[in-house]
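One structure is given here, and the rest of the page talks about it.
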Amino acid sequence: MRVKVGFLLRSLLIIGTFLALMGLWSKLLSSQNEDNNPFERQMPGRDNNNHLPNVGGNGHAVNKFQPVVPWPQVEGVEVDLESIRLKNKNAAQQHVADNNQQNAIQKQYVTFKPQKHVYSDPVLRSGVLGNFEAKEPEPQGVVNGPGEGAKPFILGSEYKEAVQASIKEFGFNMVASDMISLDRTINDLRHEECKYWHYDDRLLTSSVIIVFHNEGWSTLMRTVHSVIKRTPKKYLAEIVLIDDYSNKAHLKERLEQYLKQWNGLVKVYRNERREGLIQARSIGAHKATLGQVLIYLDAHCEVGPNWYAPLVAPIAANRTTCTVPLIDAINGNTYEISPQGGGDEDGFARGAWDWSMLWKRVPLSKREKERRKHRTEPYWSPAMAGGLFAIERDYFFELGLYDPGLQIWGGENFEISYKIWQCGGKLLFVPCSRVGHIYRLHGWAGNPPPAHVGSSPTLKNYVRVVEVWWDEYAEYFYASRPETKAMAYGDISELKKFREEHNCKSFKWFMEEIAYDIPDNYPLPAKNVEWGEIRGYESDYCIDSMGHTNGGFVELGPCHRMGGNQVTMPTSK
Ligand SMILES: *[C@@H]1O[C@H](CO)[C@@H](O)[C@H](O)[C@H]1NC(C)=O
């Protein structure tokens, strides 16, 4: 019985609903005929809804069915479908336009910002002194004082012990340095022709960045003094010192007091822990916000006469050009300054490497000489030494600064050089911009790497650089340094992505077009068959090159299991 009543009720419900729908439908059709504005008619239609229970006889049931009643969709159909289509189409077009805009921004970003700065090429006018040359000789720091004119300053034997101690601590003869004026004059080592170049004065401004760690006082301050003295005021935005966690007293309060004389032109920022030279330079790029160009200098340099205009002019003309001054050698004992050896007849060399990634210099090739009109023009170099260079600030950021995975020291000079060349920029050595640099002396105790860094950071850096940039040439590196093959070098996927996104060229292209002369000087090594120590059968002595290279005699030495001079690599040749 219960079943039958349920069936009856359900049948009534269905019939009632059917009638209700029919009623509604006929009402809507008739209202459509009466009025061409259906939307207005639907508002009273909604009121009709209230009558439905009467039609259907079961208000509750009909209310329950309301959602499936077709009329809410009628609303949509009747509201000018064409305008909706149009609206959707516009939205789609807008979307496409937004996408295009996005793509354009993306593309612009990945291929570097365009050159906007207007700059004319420098002009050589024989016999007419260049517009940036000093009009009169620079005054001496101390008249006829020690080391003036970069003449060698030699201390008597009574200073011997103090000198030795300072060399051990700082790597230089600080006793002599402390006696030489911070404002001393130096010798002009430039080619005579350099004095006759005229530069457009729409040069870019610069922040000079100097990273130091436990540097001696007078060598650091002489660097700062020389920059302030020899850089035209209007282009020197600031000098930014990055203290990489020094612990020497003279670099604390005394330094800050001393810098006050320049009213904020020279600033010092201090790292919270030892970051190492590489990342400290990247930190410097973040801190140095005032200049358009970043000029990196080591903490023991002296910039030469008119060093600025020739160094920055190529960057002002093309923002993806990076420049390096010619680096002269300041003797760490006597402070005499002389040109580096190893160049061509003008003393010009290009930056290079051997296949174990050691820094090398090769004389300027014939092909490079022919590229120039005048011998003192900037010339292309495959690599930079690393400590001294100038780069447009935004461009350096667009390049991603240094690989954040590089630690402490080593390989970063190659990383930035490959990145610049392979991704469409240029690296120039500028003969008319000269900067003296003190090379550390034997007997320096050095700065041990901080505890938070694992073993052989420099070798790991090399592997990272090779893995990202060398392509199939990586094999030559591993042939030269087989002990690095199993080294964990960390994640390089971001760098690979950068290389892809920026359409950077292959290392093969780079070797053929830019670094073509390096294999002439440092032939590609043969592939190794095996490698390891050659150890005595019953002794603990190994064959050791004792540091001899290229055909020197081998000797026997105690096995140290560190590779290096004891690595023997029978080759397939
Ligand atoms: C800048 O130098 C790059 C690399 O040599 C070159 O492709 C580009 O055309 C130069 N841009 C200008 C504005 O000269």
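Chain labels follow the order of the structure tokens: the first chain is A, the next B, and so on; residue numbering restarts at 1 in every chain, and ligands are counted from 1 in their shown order.
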Quiz item: Can you tell me which residues sit at most 10 Å away from ligand 1, counting only C-alpha atoms and all ligand atoms, written as a list of chain:residue names?
Solution: A:Pro114, A:Gln115, A:Lys116, A:His117, A:Val118, A:Tyr119, A:Pro314, A:Ile315, A:Ala316, A:Ala317, A:Asn318, A:Arg319, A:Thr320, A:Thr321, A:Cys322, A:Ile420, A:Trp421, A:Cys423, A:Gly424, A:Gly425, A:Lys426, A:Leu427
Quiz item: Using the chain letters and numbers from this document, which residues of segment 372-539 of chain A does DSSP assign to strand (DSSP E), as number ranges by chain?
Solution: A: 379-380, 389-392, 426-438
Self-check item: Polymer residues at most 10 Å from Pro137 of chain A, only C-alpha atoms, same-chain spacing of 3 or more positions, as a list in words
Solution: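 So, after excluding close chain neighbours, the residues are Ala134, Gln140 and Thr185 of chain A.
Excluding Val453 of chain A and any residue on its chain fewer than 6 positions from it, the residues at most 10 Å away by only C-alpha atoms are Arg274, Glu275, Gly276, Gln407 and Ile408 of chain A.
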Let's have the selection written as a JSON list (two decimals), in the first residue's frame, with N, CA and C atoms.
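Saved to result_2.json:
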[["chain", "number", "residue", "atom", "x", "y", "z"],
["A", 274, "ARG", "N", 83.03, 35.79, 6.33],
["A", 274, "ARG", "CA", 83.95, 35.82, 5.19],
["A", 274, "ARG", "C", 83.25, 35.22, 3.97],
["A", 275, "GLU", "N", 83.10, 36.04, 2.94],
["A", 275, "GLU", "CA", 82.41, 35.59, 1.73],
["A", 275, "GLU", "C", 83.39, 35.16, 0.65],
["A", 276, "GLY", "N", 84.61, 35.62, 0.75],
["A", 276, "GLY", "CA", 85.56, 35.37, -0.33],
["A", 276, "GLY", "C", 85.44, 36.47, -1.37],
["A", 407, "GLN", "N", 82.96, 29.88, -5.18],
["A", 407, "GLN", "CA", 83.35, 30.19, -3.82],
["A", 407, "GLN", "C", 84.75, 30.75, -3.71],
["A", 408, "ILE", "N", 84.90, 31.73, -2.86],
["A", 408, "ILE", "CA", 86.19, 32.30, -2.42],
["A", 408, "ILE", "C", 87.02, 32.90, -3.55]]
Quiz prompt | Å distance separating atom CA of Tyr462 of chain A from atom CA of Gly411 of chain A, one decimal place | solution = 5.3 Å
